[in-house]
Amino acid sequence: MITMKSTAKINSEQSISFQGSCLLSLVNCLFLILILQSNILKPLHVDAVAMAGLDPIDIISAPLDTNQIARTTIMAVSSTLFFSSVSQIIDKQDSDLRTIRKLAMVLKRAIFRGFFLATLGFGLVVLVCAIVGGAPPVENIKLTALASVYTACLAFAPIFISCMPSGSSIERTFMRLVCGSVASQKQNTVFEQMLRFSLYGVLFGVMFSMILLTLDWGAQSQRWPVPFLLGSTFGHVTGAATALLWEFCVKYSLNTRTSDSKKSA
């Protein structure tokens with residue numbers, strides 16, 4: 001009886017911790033939208049008034065301020081690493097660790113896995129893919145590099161901070177997250193599915209946003225690297241929201257079937 005109560009208590013604590021992790025992920029999504037609005041979209045609206053009447057090609061080819069993109073990238077990376085780290089601090093699975101030891105472990109994960117491995121390491125991979133996909137290889141290379149770091153952080157940093165077990169290889173973790181189930185326990189599914197869907201959202205969002213570069217609308221959102229930033233941000237947010245909506249629909253369907261079976265019995 002005591003064992004059953006202890007197990008129920010642990011399951012309840014883990015469920016609460018993962019609910020908190022999902023909430024923190026959504027808060028980070030809100031911060032990313034606010035960062036993009038204040039640092040990118042609002043200045044673009046001002047530029048649209050100043051550039052009214054210019055040729056669409058001239059508008060599209062006008063580069064953005066490097067400091068503006070750098071500020072946006074730093075704020076987004078800091079927000080993502082912070083909220084991903086906090087979600088690990090409240091994780092009840094590591095409740096046996098002392099507070100100082102746990103903080104040190106989370107800080108180590110944020111620095112080495114989140115920043116160096118996911119943000120900078122995969123940022124280099126995203127940079128190469130962006131150039132292969134049509135980004136200017138020499139012109140505005142600083143803007144492309146900053147946008148690649150921004151995108152890599154949103155796609156990979158939360159995963160490698162939260163879901164990469166100690167001692168596991170990068171290849172195994174990546175393939176397990178993208179192609180298979182990342183949940184070792186039933187309670188983990190919602191949060192880790194959010195991270196996987198966010199990764200999918202960033203990848204599809206970036207690929208879709210690159211279509212904007214082929215159009216001659218002369219819109220401010222076509223100025224490089226705005227399509228990259230818009231695609232990764234809204235892909236990340238859409239992926240997280242889709243995962244929660246999917247989980248809600250699955251649970252609602254399951255509860256409905258359970259209720260119907262009880263009534264028929």
# chains A, B, ... in the order shown; residues from 1 in each chain; ligands from 1
>>> residues_around(residues="stretch 130-146 of chain A", least_positions_apart="4", cutoff="12 Å", atoms="only C-alpha atoms", output="ChimeraX atom specification")
/A:61-77,119-126,150-153,203,206-214,223-229
>>> write_last_selection(atoms="C-alpha atoms", output="CSV table (one decimal), in the first residue's frame")
chain,number,residue,atom,x,y,z
A,61,SER,CA,18.4,43.8,-51.7
A,62,ALA,CA,18.7,46.4,-49.0
A,63,PRO,CA,20.6,44.7,-46.1
A,64,LEU,CA,19.5,44.9,-42.5
A,65,ASP,CA,21.7,46.4,-39.8
A,66,THR,CA,24.1,43.7,-38.5
A,67,ASN,CA,23.8,45.0,-34.9
A,68,GLN,CA,20.0,44.7,-35.1
A,69,ILE,CA,20.2,41.0,-36.1
A,70,ALA,CA,23.0,40.4,-33.6
A,71,ARG,CA,20.8,41.8,-30.8
A,72,THR,CA,17.9,39.7,-31.9
A,73,THR,CA,20.0,36.6,-32.0
A,74,ILE,CA,21.5,37.2,-28.6
A,75,MET,CA,18.2,37.8,-26.9
A,76,ALA,CA,16.5,34.8,-28.6
A,77,VAL,CA,19.4,32.5,-27.7
A,119,THR,CA,23.7,26.5,-31.1
A,120,LEU,CA,27.2,26.9,-32.5
A,121,GLY,CA,27.8,23.4,-33.8
A,122,PHE,CA,24.5,23.0,-35.6
A,123,GLY,CA,24.6,26.7,-36.4
A,124,LEU,CA,27.5,25.9,-38.7
A,125,VAL,CA,25.6,23.1,-40.3
A,126,VAL,CA,22.6,25.4,-40.8
A,150,TYR,CA,19.3,31.8,-34.2
A,151,THR,CA,17.7,28.9,-36.1
A,152,ALA,CA,19.9,26.2,-34.7
A,153,CYS,CA,19.3,27.4,-31.2
A,203,LEU,CA,12.9,22.9,-40.4
A,206,VAL,CA,12.8,27.8,-42.8
A,207,MET,CA,12.3,25.8,-46.0
A,208,PHE,CA,9.0,27.4,-46.7
A,209,SER,CA,10.3,30.9,-45.9
A,210,MET,CA,13.0,30.5,-48.5
A,211,ILE,CA,10.2,30.7,-51.1
A,212,LEU,CA,9.9,34.4,-50.3
A,213,LEU,CA,13.3,35.0,-51.8
A,214,THR,CA,12.2,33.9,-55.2
A,223,ARG,CA,14.9,41.4,-46.9
A,224,TRP,CA,17.7,39.0,-45.9
A,225,PRO,CA,17.7,37.4,-43.4
A,226,VAL,CA,14.1,38.2,-42.3
A,227,PRO,CA,12.6,35.2,-44.1
A,228,PHE,CA,15.0,32.9,-42.2
A,229,LEU,CA,14.1,34.5,-38.8
>>> closest_residue(among="A:Gln220, A:Ser198, A:Ser21, A:Gln88", to="A:Lys108", atoms="only C-alpha atoms")
A:Gln88
>>> select_by_dssp(residues="stretch 87-168 of chain A", states="helix (DSSP H, G or I)", output="number ranges by chain")
A: 87-89, 92-94, 99-132, 141-162
>>> closest_residue(among="A:Ile89, A:Leu81, A:Val128, A:Ala219", to="A:Val49", atoms="only C-alpha atoms")
A:Ala219
>>> residues_around(residues="A:Phe234", least_positions_apart="2", cutoff="9 Å", atoms="only C-alpha atoms", output="number ranges by chain")
A: 29, 33, 201-202, 205, 229-232, 236-239
>>> write_last_selection(atoms="all heavy atoms", output="PDB file, in the first residue's frame")
ATOM      1  N   CYS A  29       8.161  30.724 -26.265  1.00  0.00           N
ATOM      2  CA  CYS A  29       7.587  31.049 -27.576  1.00  0.00           C
ATOM      3  C   CYS A  29       7.055  32.485 -27.589  1.00  0.00           C
ATOM      4  O   CYS A  29       7.240  33.221 -28.564  1.00  0.00           O
ATOM      5  CB  CYS A  29       6.470  30.066 -27.915  1.00  0.00           C
ATOM      6  SG  CYS A  29       7.022  28.387 -28.286  1.00  0.00           S
ATOM      7  N   ILE A  33       8.386  35.711 -29.940  1.00  0.00           N
ATOM      8  CA  ILE A  33       7.523  36.557 -30.771  1.00  0.00           C
ATOM      9  C   ILE A  33       7.710  38.027 -30.410  1.00  0.00           C
ATOM     10  O   ILE A  33       7.794  38.898 -31.292  1.00  0.00           O
ATOM     11  CB  ILE A  33       6.055  36.135 -30.608  1.00  0.00           C
ATOM     12  CG1 ILE A  33       5.836  34.735 -31.185  1.00  0.00           C
ATOM     13  CG2 ILE A  33       5.130  37.129 -31.301  1.00  0.00           C
ATOM     14  CD1 ILE A  33       4.454  34.190 -30.967  1.00  0.00           C
ATOM     15  N   GLY A 201       8.840  21.991 -36.923  1.00  0.00           N
ATOM     16  CA  GLY A 201       8.307  23.282 -37.315  1.00  0.00           C
ATOM     17  C   GLY A 201       9.382  24.236 -37.808  1.00  0.00           C
ATOM     18  O   GLY A 201       9.187  24.944 -38.799  1.00  0.00           O
ATOM     19  N   VAL A 202      10.522  24.259 -37.107  1.00  0.00           N
ATOM     20  CA  VAL A 202      11.626  25.129 -37.518  1.00  0.00           C
ATOM     21  C   VAL A 202      12.150  24.722 -38.896  1.00  0.00           C
ATOM     22  O   VAL A 202      12.358  25.569 -39.777  1.00  0.00           O
ATOM     23  CB  VAL A 202      12.765  25.089 -36.478  1.00  0.00           C
ATOM     24  CG1 VAL A 202      13.998  25.806 -37.014  1.00  0.00           C
ATOM     25  CG2 VAL A 202      12.321  25.727 -35.173  1.00  0.00           C
ATOM     26  N   GLY A 205       9.486  25.478 -41.471  1.00  0.00           N
ATOM     27  CA  GLY A 205       9.299  26.927 -41.548  1.00  0.00           C
ATOM     28  C   GLY A 205      10.407  27.608 -42.323  1.00  0.00           C
ATOM     29  O   GLY A 205      10.147  28.507 -43.141  1.00  0.00           O
ATOM     30  N   LEU A 229      14.505  34.244 -40.206  1.00  0.00           N
ATOM     31  CA  LEU A 229      14.097  34.475 -38.824  1.00  0.00           C
ATOM     32  C   LEU A 229      12.600  34.231 -38.638  1.00  0.00           C
ATOM     33  O   LEU A 229      12.175  33.621 -37.654  1.00  0.00           O
ATOM     34  CB  LEU A 229      14.457  35.903 -38.402  1.00  0.00           C
ATOM     35  CG  LEU A 229      15.939  36.281 -38.476  1.00  0.00           C
ATOM     36  CD1 LEU A 229      16.130  37.736 -38.057  1.00  0.00           C
ATOM     37  CD2 LEU A 229      16.785  35.373 -37.603  1.00  0.00           C
ATOM     38  N   LEU A 230      11.801  34.719 -39.578  1.00  0.00           N
ATOM     39  CA  LEU A 230      10.348  34.523 -39.496  1.00  0.00           C
ATOM     40  C   LEU A 230       9.983  33.041 -39.584  1.00  0.00           C
ATOM     41  O   LEU A 230       9.161  32.541 -38.808  1.00  0.00           O
ATOM     42  CB  LEU A 230       9.646  35.300 -40.610  1.00  0.00           C
ATOM     43  CG  LEU A 230       9.640  36.820 -40.505  1.00  0.00           C
ATOM     44  CD1 LEU A 230       8.967  37.432 -41.733  1.00  0.00           C
ATOM     45  CD2 LEU A 230       8.924  37.274 -39.241  1.00  0.00           C
ATOM     46  N   GLY A 231      10.602  32.339 -40.527  1.00  0.00           N
ATOM     47  CA  GLY A 231      10.295  30.925 -40.717  1.00  0.00           C
ATOM     48  C   GLY A 231      10.650  30.088 -39.503  1.00  0.00           C
ATOM     49  O   GLY A 231       9.859  29.244 -39.062  1.00  0.00           O
ATOM     50  N   SER A 232      11.828  30.309 -38.926  1.00  0.00           N
ATOM     51  CA  SER A 232      12.254  29.519 -37.773  1.00  0.00           C
ATOM     52  C   SER A 232      11.431  29.845 -36.533  1.00  0.00           C
ATOM     53  O   SER A 232      11.055  28.949 -35.769  1.00  0.00           O
ATOM     54  CB  SER A 232      13.743  29.752 -37.499  1.00  0.00           C
ATOM     55  OG  SER A 232      14.006  31.129 -37.282  1.00  0.00           O
ATOM     56  N   HIS A 236       8.781  27.235 -34.992  1.00  0.00           N
ATOM     57  CA  HIS A 236       8.990  26.768 -33.620  1.00  0.00           C
ATOM     58  C   HIS A 236       7.710  26.905 -32.796  1.00  0.00           C
ATOM     59  O   HIS A 236       7.296  25.967 -32.103  1.00  0.00           O
ATOM     60  CB  HIS A 236      10.121  27.584 -32.980  1.00  0.00           C
ATOM     61  CG  HIS A 236      10.402  27.237 -31.555  1.00  0.00           C
ATOM     62  ND1 HIS A 236      11.227  26.192 -31.191  1.00  0.00           N
ATOM     63  CD2 HIS A 236       9.963  27.789 -30.400  1.00  0.00           C
ATOM     64  CE1 HIS A 236      11.288  26.125 -29.874  1.00  0.00           C
ATOM     65  NE2 HIS A 236      10.526  27.083 -29.375  1.00  0.00           N
ATOM     66  N   VAL A 237       7.073  28.048 -32.884  1.00  0.00           N
ATOM     67  CA  VAL A 237       5.844  28.298 -32.116  1.00  0.00           C
ATOM     68  C   VAL A 237       4.709  27.392 -32.604  1.00  0.00           C
ATOM     69  O   VAL A 237       3.985  26.788 -31.796  1.00  0.00           O
ATOM     70  CB  VAL A 237       5.437  29.780 -32.232  1.00  0.00           C
ATOM     71  CG1 VAL A 237       4.087  30.015 -31.573  1.00  0.00           C
ATOM     72  CG2 VAL A 237       6.505  30.676 -31.604  1.00  0.00           C
ATOM     73  N   THR A 238       4.567  27.281 -33.927  1.00  0.00           N
ATOM     74  CA  THR A 238       3.511  26.441 -34.488  1.00  0.00           C
ATOM     75  C   THR A 238       3.709  24.973 -34.113  1.00  0.00           C
ATOM     76  O   THR A 238       2.743  24.255 -33.813  1.00  0.00           O
ATOM     77  CB  THR A 238       3.468  26.584 -36.016  1.00  0.00           C
ATOM     78  OG1 THR A 238       3.271  27.955 -36.362  1.00  0.00           O
ATOM     79  CG2 THR A 238       2.345  25.754 -36.611  1.00  0.00           C
ATOM     80  N   GLY A 239       4.962  24.512 -34.127  1.00  0.00           N
ATOM     81  CA  GLY A 239       5.236  23.127 -33.763  1.00  0.00           C
ATOM     82  C   GLY A 239       4.863  22.828 -32.320  1.00  0.00           C
ATOM     83  O   GLY A 239       4.255  21.793 -32.018  1.00  0.00           O
TER      84      GLY A 239
END
>>> residues_around(residues="A:Asp216", least_positions_apart="2", cutoff="7 Å", atoms="only C-alpha atoms", output="compact mmCIF listing (two decimals) with N, CA, C and O atoms, in the first residue's frame")
# COMPACT_ATOMS: atom_id res chain seq x y z
N PRO A 56 11.07 47.36 -56.25
CA PRO A 56 11.01 46.17 -55.38
C PRO A 56 12.35 45.46 -55.23
O PRO A 56 12.68 44.98 -54.14
N ILE A 57 13.14 45.41 -56.30
CA ILE A 57 14.45 44.76 -56.22
C ILE A 57 15.36 45.51 -55.26
O ILE A 57 16.13 44.90 -54.49
N THR A 214 12.33 34.05 -53.77
CA THR A 214 12.16 33.92 -55.22
C THR A 214 11.10 34.86 -55.78
O THR A 214 10.93 34.93 -57.00
N GLY A 218 8.71 42.96 -53.35
CA GLY A 218 9.27 44.17 -52.76
C GLY A 218 8.82 44.39 -51.33
O GLY A 218 8.83 45.52 -50.83
>>> atom_distance(atom1="atom CA of A:Ala48", atom2="atom CA of A:Ile60")
11.1 Å
>>> residues_around(residues="A:Arg109", least_positions_apart="2", cutoff="10 Å", atoms="only C-alpha atoms", output="list in words")
Leu81, Ser84, Ser85, Gln88, Leu103, Ala104, Met105, Val106, Leu107, Ile111, Phe112, Arg113, Gly114, Phe115, Phe116, Leu117, Ala157, Phe160, Ile161, Ser162, Met164 and Ser166 of chain A
>>> write_last_selection(atoms="N, CA and C atoms", output="compact mmCIF listing (two decimals), in the first residue's frame")
# COMPACT_ATOMS: atom_id res chain seq x y z
N LEU A 81 17.89 29.28 -24.02
CA LEU A 81 18.75 28.56 -23.09
C LEU A 81 18.25 28.70 -21.66
N SER A 84 14.92 26.61 -21.19
CA SER A 84 15.24 25.19 -21.27
C SER A 84 15.96 24.72 -20.01
N SER A 85 16.83 25.57 -19.47
CA SER A 85 17.55 25.22 -18.25
C SER A 85 16.62 25.19 -17.04
N GLN A 88 14.71 22.09 -16.68
CA GLN A 88 15.47 20.99 -16.10
C GLN A 88 15.62 21.12 -14.60
N LEU A 103 22.10 22.39 -9.99
CA LEU A 103 22.32 23.66 -10.69
C LEU A 103 23.59 23.59 -11.53
N ALA A 104 24.64 22.97 -10.98
CA ALA A 104 25.89 22.84 -11.73
C ALA A 104 25.69 21.96 -12.96
N MET A 105 24.92 20.87 -12.79
CA MET A 105 24.67 19.98 -13.92
C MET A 105 23.87 20.69 -15.02
N VAL A 106 22.85 21.45 -14.62
CA VAL A 106 22.02 22.17 -15.60
C VAL A 106 22.85 23.25 -16.30
N LEU A 107 23.70 23.96 -15.54
CA LEU A 107 24.55 24.99 -16.13
C LEU A 107 25.52 24.38 -17.14
N ILE A 111 25.61 25.25 -21.18
CA ILE A 111 26.81 25.80 -21.83
C ILE A 111 27.33 24.87 -22.92
N PHE A 112 27.57 23.61 -22.55
CA PHE A 112 28.23 22.70 -23.49
C PHE A 112 27.26 22.10 -24.50
N ARG A 113 26.10 21.63 -24.03
CA ARG A 113 25.15 21.03 -24.96
C ARG A 113 24.32 22.09 -25.68
N GLY A 114 23.76 23.02 -24.89
CA GLY A 114 22.86 24.00 -25.48
C GLY A 114 23.54 25.02 -26.34
N PHE A 115 24.67 25.58 -25.84
CA PHE A 115 25.32 26.67 -26.57
C PHE A 115 26.36 26.16 -27.57
N PHE A 116 27.36 25.43 -27.09
CA PHE A 116 28.45 25.03 -27.98
C PHE A 116 28.02 23.95 -28.98
N LEU A 117 27.30 22.92 -28.49
CA LEU A 117 26.93 21.83 -29.38
C LEU A 117 25.75 22.19 -30.27
N ALA A 157 18.71 23.42 -29.37
CA ALA A 157 19.14 23.66 -27.99
C ALA A 157 18.19 23.07 -26.95
N PHE A 160 18.73 19.18 -26.82
CA PHE A 160 19.97 18.67 -26.27
C PHE A 160 20.17 19.05 -24.81
N ILE A 161 19.47 20.05 -24.33
CA ILE A 161 19.52 20.36 -22.90
C ILE A 161 18.59 19.43 -22.12
N SER A 162 17.42 19.15 -22.66
CA SER A 162 16.39 18.44 -21.90
C SER A 162 16.34 16.94 -22.16
N MET A 164 18.87 14.83 -23.88
CA MET A 164 20.08 14.07 -24.20
C MET A 164 20.66 13.47 -22.94
N SER A 166 23.04 11.58 -20.20
CA SER A 166 24.48 11.64 -20.01
C SER A 166 25.15 10.42 -20.64
